[in-house]
$ cat target-v5.txt   # compact mmCIF, C-alpha atoms
# COMPACT_ATOMS: atom_id res chain seq x y z
CA MET A 1340 -18.47 -30.38 -28.12
CA ALA A 1341 -15.90 -27.91 -26.81
CA PHE A 1342 -16.11 -24.20 -27.67
CA SER A 1343 -14.04 -21.11 -26.91
CA GLY A 1344 -13.74 -17.43 -27.72
CA LYS A 1345 -13.48 -13.88 -26.38
CA LEU A 1346 -15.87 -12.47 -23.79
CA SER A 1347 -16.01 -9.24 -25.76
CA ASP A 1348 -17.64 -11.20 -28.64
CA PHE A 1349 -19.81 -13.60 -26.65
CA GLY A 1350 -20.90 -12.46 -23.18
CA MET A 1351 -21.15 -14.45 -19.96
CA THR A 1352 -24.96 -14.42 -20.00
CA GLU A 1353 -25.04 -15.96 -23.50
CA ILE A 1354 -22.46 -18.59 -22.50
CA PHE A 1355 -24.47 -19.64 -19.43
CA GLN A 1356 -27.68 -19.79 -21.44
CA LEU A 1357 -26.05 -21.89 -24.17
CA ILE A 1358 -24.76 -24.42 -21.66
CA GLN A 1359 -28.13 -24.58 -19.93
CA ASN A 1360 -30.16 -24.94 -23.14
CA GLN A 1361 -28.00 -27.82 -24.30
CA SER A 1362 -27.86 -29.40 -20.80
CA LYS A 1363 -24.09 -29.64 -21.03
CA THR A 1364 -21.77 -31.16 -18.45
CA GLY A 1365 -18.19 -29.96 -18.19
CA VAL A 1366 -15.94 -27.14 -17.03
CA LEU A 1367 -16.08 -23.54 -18.24
CA GLN A 1368 -12.66 -21.93 -17.83
CA LEU A 1369 -12.28 -18.14 -17.85
CA ARG A 1370 -9.24 -15.92 -17.86
CA SER A 1371 -9.06 -12.16 -17.52
CA TYR A 1372 -5.70 -10.51 -16.87
CA MET A 1373 -4.41 -11.80 -13.49
CA GLU A 1374 -7.65 -13.61 -12.67
CA HIS A 1375 -8.67 -17.04 -13.81
CA SER A 1376 -11.79 -18.92 -12.83
CA TYR A 1377 -13.79 -22.01 -13.56
CA VAL A 1378 -17.45 -23.00 -13.39
CA CYS A 1379 -18.52 -26.65 -13.17
CA PHE A 1380 -21.75 -27.58 -14.94
CA LEU A 1381 -23.81 -30.75 -14.54
CA SER A 1382 -26.62 -31.15 -17.08
CA GLY A 1383 -26.72 -27.39 -17.57
CA ASN A 1384 -26.78 -26.54 -13.83
CA VAL A 1385 -23.94 -24.90 -11.90
CA VAL A 1386 -22.51 -27.20 -9.24
CA PHE A 1387 -19.37 -25.25 -8.31
CA ALA A 1388 -17.33 -22.17 -9.23
CA ASP A 1389 -14.15 -20.52 -8.04
CA ILE A 1390 -11.83 -17.63 -8.85
CA ASN A 1391 -8.05 -18.09 -8.69
CA GLN A 1392 -8.74 -21.44 -6.97
CA ARG A 1393 -8.81 -19.59 -3.64
CA CYS A 1394 -11.96 -17.46 -3.57
CA VAL A 1395 -14.28 -20.16 -2.20
CA GLU A 1396 -11.75 -21.20 0.41
CA GLU A 1397 -11.18 -17.66 1.64
CA LYS A 1398 -14.87 -16.81 1.75
CA LEU A 1399 -15.57 -20.05 3.62
CA LYS A 1400 -12.85 -19.36 6.19
CA ARG A 1401 -14.18 -15.89 6.84
CA SER A 1402 -17.75 -17.19 7.09
CA LEU A 1403 -16.77 -19.88 9.58
CA ILE A 1404 -14.84 -17.42 11.75
CA TYR A 1405 -17.25 -14.51 11.47
CA LEU A 1406 -20.37 -16.59 12.04
CA GLU A 1407 -18.61 -18.59 14.79
CA HIS A 1408 -19.51 -21.96 13.31
CA LEU A 1409 -16.29 -23.67 14.42
CA SER A 1410 -14.77 -24.03 17.87
CA SER A 1411 -11.12 -23.21 18.56
CA GLN A 1412 -10.51 -26.94 19.04
CA ALA A 1413 -11.91 -27.69 15.60
CA TYR A 1414 -9.57 -25.14 14.07
CA LYS A 1415 -6.59 -26.67 15.84
CA GLU A 1416 -7.52 -30.05 14.38
CA ILE A 1417 -7.85 -28.56 10.89
CA VAL A 1418 -4.50 -26.78 11.12
CA ALA A 1419 -2.81 -29.95 12.37
CA SER A 1420 -4.33 -31.95 9.53
CA ILE A 1421 -3.18 -29.37 6.95
CA GLU A 1422 0.38 -29.59 8.24
CA LYS A 1423 0.29 -33.38 8.25
CA THR A 1424 -1.43 -34.07 4.93
CA LYS A 1425 -0.36 -30.93 3.00
CA LYS A 1426 -3.93 -30.62 1.77
CA SER A 1427 -5.81 -27.34 1.45
CA PHE A 1428 -8.13 -25.91 4.10
CA LEU A 1429 -11.14 -26.66 1.90
CA GLN A 1430 -10.13 -30.30 1.38
CA VAL A 1431 -9.53 -30.88 5.09
CA PHE A 1432 -12.72 -29.10 6.14
CA MET A 1433 -14.91 -31.05 3.72
CA ALA A 1434 -13.36 -34.40 4.63
CA GLY A 1435 -13.69 -33.77 8.37
CA ALA A 1436 -17.44 -33.08 8.39
CA TYR A 1437 -17.03 -30.30 10.97
CA LEU A 1438 -20.52 -28.98 10.25
CA PRO A 1439 -23.79 -30.72 9.36
CA ALA A 1440 -23.87 -31.43 5.64
CA ALA A 1441 -26.91 -29.21 5.10
CA LYS A 1442 -25.25 -26.20 6.78
CA THR A 1443 -22.02 -26.67 4.83
CA ASN A 1444 -23.96 -26.91 1.60
CA ASP A 1445 -25.92 -23.74 2.41
CA LEU A 1446 -22.65 -21.83 2.95
CA LEU A 1447 -21.10 -23.17 -0.25
CA THR A 1448 -24.24 -22.46 -2.28
CA GLU A 1449 -24.29 -18.85 -1.09
CA ILE A 1450 -20.59 -18.43 -1.92
CA VAL A 1451 -20.94 -19.98 -5.38
CA LEU A 1452 -23.95 -17.76 -6.11
CA ASP A 1453 -21.91 -14.67 -5.22
CA ILE A 1454 -18.98 -15.83 -7.36
CA THR A 1455 -21.10 -16.61 -10.42
CA ASN A 1456 -22.81 -13.23 -10.16
CA GLU A 1457 -19.38 -11.59 -10.07
CA LEU A 1458 -18.35 -13.58 -13.14
CA LEU A 1459 -21.41 -12.30 -15.00
CA THR A 1460 -19.78 -8.82 -14.90
CA TRP A 1461 -16.66 -10.02 -16.74
CA ASP A 1462 -16.62 -8.57 -20.25
CA GLU A 1463 -12.95 -8.89 -21.18
CA GLY A 1464 -10.76 -11.98 -21.52
CA GLY A 1465 -11.23 -15.45 -22.94
CA TYR A 1466 -13.32 -18.54 -22.24
CA PHE A 1467 -13.08 -22.25 -23.00
CA PHE A 1468 -15.74 -24.86 -22.29
CA ASP A 1469 -14.41 -28.43 -22.02
CA PRO A 1470 -17.13 -31.13 -21.91
CA GLU A 1471 -14.48 -33.83 -21.50
CA LYS A 1472 -12.97 -32.42 -18.30
CA ASP A 1473 -13.96 -34.29 -15.13
CA ILE A 1474 -15.81 -31.96 -12.76
CA GLN A 1475 -15.48 -34.14 -9.64
CA PRO A 1476 -11.89 -33.13 -8.65
CA LEU A 1477 -12.93 -29.46 -8.88
CA ARG A 1478 -16.22 -29.81 -7.08
CA PHE A 1479 -16.90 -29.56 -3.34
CA GLY A 1480 -20.22 -30.15 -1.59
CA ASN A 1481 -23.57 -30.68 -3.27
CA VAL A 1482 -24.20 -27.23 -4.72
CA LEU A 1483 -26.88 -27.20 -7.43
CA LEU A 1484 -27.91 -23.88 -8.95
CA SER A 1485 -29.96 -23.53 -12.10
CA THR A 1486 -28.65 -21.03 -14.64
CA ASP A 1487 -32.02 -19.26 -14.51
CA THR A 1488 -31.61 -18.72 -10.76
CA ILE A 1489 -28.16 -17.19 -11.26
CA LEU A 1490 -29.24 -14.94 -14.12
CA LEU A 1491 -32.39 -13.77 -12.33
CA GLU A 1492 -30.36 -12.97 -9.20
CA GLY A 1493 -27.87 -11.06 -11.34
CA MET A 1494 -30.67 -9.02 -12.92
CA ARG A 1495 -32.22 -8.38 -9.51
CA ARG A 1496 -28.94 -7.05 -8.17
CA ILE A 1497 -28.49 -4.74 -11.13
CA ASP A 1498 -32.01 -3.34 -10.64
CA GLU A 1499 -31.59 -2.99 -6.87
CA TRP A 1500 -28.30 -1.08 -7.19
CA LYS A 1501 -30.25 2.06 -8.10
CA ASN A 1502 -32.22 2.00 -4.83
CA ILE A 1503 -29.18 0.97 -2.81
CA ARG A 1504 -27.22 3.88 -4.23
CA LEU A 1505 -29.87 6.30 -3.01
CA ASN A 1506 -29.67 4.90 0.54
CA VAL A 1507 -25.92 4.25 0.70
CA PRO A 1508 -24.35 6.65 -1.81
CA THR A 1509 -20.76 6.36 -0.57
CA MET A 1510 -18.48 3.84 1.15
CA ASN A 1511 -17.15 6.60 3.38
CA LEU A 1512 -20.39 7.06 5.35
CA VAL A 1513 -20.52 6.36 9.08
CA TYR A 1514 -23.72 5.01 10.66
CA GLN A 1515 -25.06 4.89 14.20
CA LYS A 1516 -27.69 2.64 15.76
CA ASN A 1517 -31.16 4.02 16.47
CA ILE A 1518 -31.41 2.46 19.92
CA ARG A 1519 -34.85 3.92 20.62
CA ALA A 1520 -36.37 2.46 17.47
CA PHE A 1521 -34.81 -0.94 18.07
CA SER A 1522 -35.67 -0.96 21.79
CA ALA A 1523 -39.29 -0.18 20.98
CA ILE A 1524 -39.61 -3.71 19.58
CA LYS A 1525 -40.52 -6.30 22.16
CA THR A 1526 -37.48 -8.15 23.47
CA ASP A 1527 -38.66 -11.54 22.26
CA GLN A 1528 -39.24 -10.12 18.78
CA GLN A 1529 -35.91 -8.31 18.30
CA ASP A 1530 -34.01 -11.29 16.92
CA LYS A 1531 -36.89 -12.13 14.60
CA SER A 1532 -37.04 -8.57 13.25
CA LEU A 1533 -33.48 -8.90 11.87
CA GLY A 1534 -32.06 -11.55 9.58
CA GLU A 1535 -28.74 -13.24 10.38
CA LEU A 1536 -26.71 -10.87 8.21
CA GLU A 1537 -28.63 -7.84 9.50
CA GLN A 1538 -27.83 -8.84 13.08
CA LYS A 1539 -24.11 -9.15 12.33
CA ILE A 1540 -23.89 -5.80 10.55
CA PHE A 1541 -26.05 -4.14 13.21
CA GLN A 1542 -23.50 -5.29 15.81
CA LEU A 1543 -20.61 -3.77 13.82
CA ILE A 1544 -22.24 -0.34 13.49
CA ASP A 1545 -20.74 1.81 16.24
CA GLY A 1546 -20.75 5.40 15.00
CA LYS A 1547 -17.03 5.17 14.19
CA ARG A 1548 -16.52 2.65 11.39
CA SER A 1549 -17.27 3.67 7.81
CA VAL A 1550 -18.85 1.26 5.37
CA MET A 1551 -15.42 0.94 3.75
CA GLU A 1552 -13.96 -0.26 7.05
CA MET A 1553 -16.75 -2.78 7.62
CA VAL A 1554 -16.45 -4.50 4.23
CA PRO A 1555 -13.23 -6.45 4.96
CA LEU A 1556 -14.55 -7.53 8.36
CA MET A 1557 -17.32 -9.64 6.83
CA PRO A 1558 -17.33 -12.68 4.53
CA TYR A 1559 -19.87 -11.19 2.16
CA THR A 1560 -19.76 -9.38 -1.16
CA GLU A 1561 -19.95 -5.59 -1.20
CA TYR A 1562 -23.37 -5.87 -2.81
CA ARG A 1563 -24.86 -7.87 0.08
CA ILE A 1564 -23.33 -5.56 2.68
CA PHE A 1565 -24.71 -2.44 0.95
CA GLU A 1566 -28.07 -4.14 0.51
CA THR A 1567 -28.23 -4.98 4.21
CA ILE A 1568 -27.22 -1.50 5.34
CA ALA A 1569 -29.90 -0.04 3.08
CA SER A 1570 -32.43 -2.43 4.64
CA LEU A 1571 -31.44 -1.44 8.19
CA LYS A 1572 -31.73 2.21 7.24
CA LYS A 1573 -35.16 1.65 5.70
CA LYS A 1574 -36.32 -0.05 8.93
CA ASN A 1575 -35.06 3.01 10.82
CA TYR A 1576 -32.66 0.89 12.92
CA ILE A 1577 -29.67 3.01 11.87
CA HIS A 1578 -29.05 6.58 10.71
CA GLU A 1579 -26.22 8.44 9.00
CA LEU A 1580 -23.72 10.41 11.04
CA GLY A 1581 -21.86 11.77 8.04
CA LEU A 1582 -18.65 11.11 6.17
CA LYS A 1583 -15.67 9.51 7.88
CA LYS A 1584 -13.15 12.15 8.85
CA LYS A 1585 -9.85 11.51 7.19
CA LYS A 1586 -6.58 11.82 9.04
CA PRO A 1587 -4.18 14.34 7.51
CA VAL A 1588 -1.34 12.70 5.61
CA SER A 1589 2.00 14.46 5.23
CA LYS A 1590 3.21 14.75 1.65
CA ILE A 1591 6.56 13.26 0.69
CA GLU A 1592 8.51 15.17 -1.92
CA ASN A 1593 10.07 13.29 -4.83
CA GLN A 1594 8.42 10.08 -3.80
CA ASP A 1595 9.51 7.02 -5.74
CA PRO A 1596 6.64 5.85 -8.02
CA GLN A 1597 6.88 2.34 -6.59
CA VAL A 1598 5.93 3.58 -3.14
CA GLU A 1599 2.14 3.77 -2.83
CA LYS A 1600 0.05 5.31 -0.12
CA LYS A 1601 -2.03 2.55 1.45
CA SER A 1602 -5.55 3.38 2.54
CA THR A 1603 -6.92 2.46 5.92
CA ALA A 1604 -9.29 -0.02 4.31
CA SER A 1605 -6.45 -1.70 2.44
CA GLY A 1606 -4.50 -2.07 5.68
CA ILE A 1607 -7.45 -3.62 7.48
CA LEU A 1608 -8.10 -5.95 4.56
CA ALA A 1609 -4.49 -7.12 4.51
CA ILE A 1610 -4.39 -7.69 8.27
CA ILE A 1611 -7.65 -9.63 8.30
CA ALA A 1612 -6.65 -11.74 5.31
CA ILE A 1613 -3.19 -12.58 6.64
CA ALA A 1614 -4.61 -13.41 10.07
CA LEU A 1615 -7.06 -15.86 8.47
CA PHE A 1616 -4.26 -17.50 6.55
CA MET A 1617 -2.11 -17.86 9.65
CA LEU A 1618 -5.09 -19.45 11.37
CA ALA A 1619 -5.33 -21.96 8.55
CA GLY A 1620 -1.66 -22.76 8.85
CA PHE A 1621 -0.14 -21.10 5.83
CA VAL A 1622 0.33 -17.85 3.92
CA GLY A 1623 0.66 -18.32 0.16
CA ARG A 1624 2.02 -16.13 -2.59
CA GLY A 1625 -1.18 -16.57 -4.56
CA PHE A 1626 -3.21 -14.93 -1.80
CA ILE A 1627 -0.88 -11.96 -1.46
CA LYS A 1628 -1.48 -11.31 -5.15
CA GLN A 1629 -5.18 -11.76 -4.62
CA ILE A 1630 -5.51 -9.15 -1.88
CA GLN A 1631 -3.62 -6.67 -4.05
CA TYR A 1632 -6.14 -7.06 -6.89
CA PRO A 1633 -8.52 -5.64 -7.93
CA LEU A 1634 -6.19 -2.68 -7.61
CA SER A 1635 -9.03 -0.20 -7.28
CA GLU A 1636 -9.76 -1.65 -3.83
CA SER A 1637 -6.34 -0.53 -2.58
CA LYS A 1638 -7.53 3.10 -2.79
CA GLU A 1639 -10.26 4.67 -0.73
CA VAL A 1640 -12.71 5.48 -3.51
CA GLU A 1641 -15.71 7.12 -1.91
CA ASN A 1642 -18.33 6.11 -4.44
CA VAL A 1643 -18.87 2.38 -4.94
CA PHE A 1644 -19.93 2.93 -8.54
CA GLU A 1645 -16.69 4.72 -9.27
CA MET A 1646 -14.87 1.76 -7.77
CA LEU A 1647 -16.75 -0.70 -9.96
CA GLU A 1648 -16.02 1.41 -13.05
CA ILE A 1649 -12.35 1.64 -12.12
CA ARG A 1650 -12.25 -2.14 -11.65
CA GLN A 1651 -13.61 -2.65 -15.16
CA ASP A 1652 -11.15 -0.12 -16.58
CA ILE A 1653 -8.22 -1.80 -14.83
CA ARG A 1654 -9.23 -5.18 -16.25
CA LYS A 1655 -9.68 -3.76 -19.77
CA ILE A 1656 -6.37 -1.85 -19.78
CA SER A 1657 -4.50 -4.79 -18.26
CA ASN A 1658 -5.76 -7.09 -21.00
CA GLN A 1659 -4.50 -4.67 -23.64
CA LEU A 1660 -1.14 -4.41 -21.87
CA GLN A 1661 -0.90 -8.19 -22.09
CA MET A 1662 -1.74 -8.07 -25.80
CA TYR A 1663 0.91 -5.37 -26.32
CA ALA A 1664 3.51 -7.54 -24.56
CA LEU A 1665 2.65 -10.51 -26.78
CA ASP A 1666 3.09 -8.34 -29.88
CA HIS A 1667 6.28 -6.53 -28.84
CA GLY A 1668 7.93 -8.88 -26.33
CA ARG A 1669 7.72 -6.24 -23.59
CA TYR A 1670 5.27 -3.94 -21.83
CA PRO A 1671 5.09 -0.31 -23.03
CA GLU A 1672 7.19 2.40 -21.41
CA GLN A 1673 4.10 4.58 -21.04
CA ILE A 1674 0.42 3.67 -20.93
CA GLN A 1675 -0.34 6.18 -23.70
CA GLU A 1676 1.42 3.85 -26.14
CA LEU A 1677 -1.79 1.78 -26.07
CA ARG A 1678 -3.64 4.56 -27.92
CA THR A 1679 -3.32 2.86 -31.30
CA PRO A 1680 -5.89 1.11 -33.53
CA SER A 1681 -4.67 -2.27 -32.25
CA TYR A 1682 -5.34 -1.61 -28.56
CA LEU A 1683 -7.29 1.36 -27.13
CA ALA A 1684 -7.97 3.40 -30.23
CA ASP A 1685 -11.37 4.53 -28.92
CA SER A 1686 -9.79 6.19 -25.87
CA LYS A 1687 -8.75 9.80 -26.45
CA GLU A 1688 -7.33 9.88 -22.94
CA ILE A 1689 -6.86 6.90 -20.62
CA THR A 1690 -8.43 8.27 -17.45
CA ASP A 1691 -10.52 7.16 -14.48
CA PRO A 1692 -14.11 8.33 -13.71
CA ARG A 1693 -12.74 11.59 -12.28
CA ARG A 1694 -10.70 12.20 -15.43
CA GLN A 1695 -7.41 11.55 -13.69
CA ARG A 1696 -4.87 9.40 -15.51
CA TYR A 1697 -4.38 5.81 -14.43
CA LEU A 1698 -0.94 5.39 -12.88
CA TYR A 1699 1.28 2.93 -14.66
CA TYR A 1700 4.96 2.02 -14.62
CA ARG A 1701 7.00 -0.88 -15.86
CA LYS A 1702 8.97 -2.72 -13.18
CA GLU A 1703 12.58 -3.80 -13.44
CA ASP A 1704 11.56 -7.47 -13.48
CA GLY A 1705 9.59 -6.90 -16.69
CA SER A 1706 6.12 -6.85 -15.12
CA PHE A 1707 4.03 -3.73 -14.58
CA ARG A 1708 2.00 -1.87 -11.94
CA LEU A 1709 -1.36 -0.30 -12.80
CA TYR A 1710 -3.66 1.48 -10.35
CA SER A 1711 -6.14 4.29 -9.97
CA GLY A 1712 -4.97 7.79 -9.25
CA VAL A 1713 -8.19 8.77 -7.46
CA LYS A 1714 -7.29 10.52 -4.22
CA GLU A 1715 -9.28 11.18 -1.09
$ encode --input "target-v5.txt" --output "structure tokens"
Amino acid sequence: MAFSGKLSDFGMTEIFQLIQNQSKTGVLQLRSYMEHSYVCFLSGNVVFADINQRCVEEKLKRSLIYLEHLSSQAYKEIVASIEKTKKSFLQVFMAGAYLPAAKTNDLLTEIVLDITNELLTWDEGGYFFDPEKDIQPLRFGNVLLSTDTILLEGMRRIDEWKNIRLNVPTMNLVYQKNIRAFSAIKTDQQDKSLGELEQKIFQLIDGKRSVMEMVPLMPYTEYRIFETIASLKKKNYIHELGLKKKKPVSKIENQDPQVEKKSTASGILAIIAIALFMLAGFVGRGFIKQIQYPLSESKEVENVFEMLEIRQDIRKISNQLQMYALDHGRYPEQIQELRTPSYLADSKEITDPRRQRYLYYRKEDGSFRLYSGVKE
């Protein structure tokens, strides 16, 4: 039997548990502002999940490139096949069996686990579970994750954030390798002392890059990167150098509100993402929208917890802007118009964690722009 509702009334954890307890098979569709996602269930277990129908593909591309799983020749073959068949990167990659099935499935399972844990944080928007929808066209690989595994991992991450925050309190920190400590380990034991992800992040640490600048260079969630850096610090393989020094930026008087200052991290993220798309043979409009959202990531917010809070605020406010547009046939002239009983009545002032107002303006094409006003 199908069911639907609002995430504010029935949370993601309860939805997952309901589907598991009743051993349901079908597709759970979720929508929150500009993001839409789906989770495929088979007898109550998660077998696939994606956000904006591009998240898995992009994470897989970055994993394959970053972990050097594919040769340049294999990529040429994939690109040629994409151009010839007009299929997606994911479809071509899965059909071509470019990696052993077990390795591909491990990568997909890790990606789906990250995505479902991200979805567990959604608390605004709507959901619809369709037991009649065929999961096979939406499913890739042989991922099989029990709901208990996903929920336990989500709880573990929430608990671990407290310790991670103590070790890596800001994204603007720069780290350096402790060569003496690492060299003290016997040569034949060095690789064994670090996991695969630890080795990759250890290689990136150079005393110049901040954590913020490392995030877009790796195909992992911010949580896993922070967790790994905290682990390296605990093992005494790295130490803090201090905060990244920011380059002075000249102020522009009377700047048009549509012109935004782009952070260094945003620029790196855009360059990396576009390069990956060119490598796959295409650059799509959907992805350009994706790298612009969540909007909080386009600003260099020093504290990761502030960034997460801003992300939630952006999603909540955006949903109410959509509701306002449905009621009035247009978006409001000013964001403060949402301070009514129908929308954000509980908000005396619509501000970010630093009590600065969120920046909002309505575009000429009828859409809107909403972003954090937190500055460096």
$ atom_distance --input "target-v5.txt" --atom1 "atom CA of His1408 of chain A" --atom2 "atom CA of Val1395 of chain A"
16.5 Å
$ residues_around --input "target-v5.txt" --residues "Ala1413 of chain A" --least-positions-apart "4" --cutoff "12 Å" --atoms "all atoms listed in the file" --output "PyMOL selection string"
chain A and resi 1403-1404+1407-1409+1417-1420+1431-1432+1435-1438+1618-1619
$ residues_near_point --input "target-v5.txt" --point "(-26.5, -21.1, -9.8)" --cutoff "12 Å" --atoms "only C-alpha atoms" --output "NGL selection string"
:A and (1355-1356 or 1359 or 1378-1381 or 1383-1388 or 1447-1459 or 1481-1493)
$ closest_residue --input "target-v5.txt" --among "A:Ile1518, A:Leu1536, A:Ala1441, A:Leu1709" --to "Thr1560 of chain A" --atoms "all atoms listed in the file"
A:Leu1536
$ residues_around --input "target-v5.txt" --residues "Ile1568 of chain A" --least-positions-apart "2" --cutoff "9 Å" --atoms "only C-alpha atoms" --output "list of chain:residue names"
A:Ile1503, A:Asn1506, A:Val1507, A:Glu1537, A:Ile1540, A:Phe1541, A:Val1550, A:Arg1563, A:Ile1564, A:Phe1565, A:Glu1566, A:Ser1570, A:Leu1571, A:Lys1572, A:Lys1573, A:Ile1577
$ residues_around --input "target-v5.txt" --residues "Gly1465 of chain A" --least-positions-apart "4" --cutoff "6 Å" --atoms "only C-alpha atoms" --output "MDAnalysis selection string"
chainID A and resid 1344:1346 1369:1370
$ residues_near_point --input "target-v5.txt" --point "(-30.1, 11.9, 10.0)" --cutoff "12 Å" --atoms "all atoms listed in the file" --output "list of chain:residue names"
A:Asn1506, A:Leu1512, A:Val1513, A:Tyr1514, A:Gln1515, A:Lys1516, A:Asn1517, A:Lys1572, A:Asn1575, A:Tyr1576, A:Ile1577, A:His1578, A:Glu1579, A:Leu1580, A:Gly1581
$ residues_around --input "target-v5.txt" --residues "Tyr1700 of chain A" --least-positions-apart "6" --cutoff "8 Å" --atoms "all atoms listed in the file" --output "list in words"
Pro1596, Glu1672, Gln1673, Ile1674, Phe1707, Arg1708 and Leu1709 of chain A
$ residues_around --input "target-v5.txt" --residues "Ser1343 of chain A" --least-positions-apart "4" --cutoff "9 Å" --atoms "all atoms listed in the file" --output "list in words"
Gly1465, Tyr1466, Phe1467, Phe1468 and Asp1469 of chain A
$ write_last_selection --input "target-v5.txt" --atoms "C-alpha atoms" --output "CSV table (one decimal), keeping the file's coordinate frame"
chain,number,residue,atom,x,y,z
A,1465,GLY,CA,-11.2,-15.4,-22.9
A,1466,TYR,CA,-13.3,-18.5,-22.2
A,1467,PHE,CA,-13.1,-22.2,-23.0
A,1468,PHE,CA,-15.7,-24.9,-22.3
A,1469,ASP,CA,-14.4,-28.4,-22.0
$ atom_distance --input "target-v5.txt" --atom1 "atom CA of Pro1671 of chain A" --atom2 "atom CA of Arg1701 of chain A"
7.4 Å
$ closest_residue --input "target-v5.txt" --among "A:Ser1347, A:Ser1549, A:Thr1460, A:Gln1538" --to "Met1494 of chain A" --atoms "all atoms listed in the file"
A:Thr1460
$ atom_distance --input "target-v5.txt" --atom1 "atom CA of Glu1374 of chain A" --atom2 "atom CA of Thr1443 of chain A"
26.1 Å
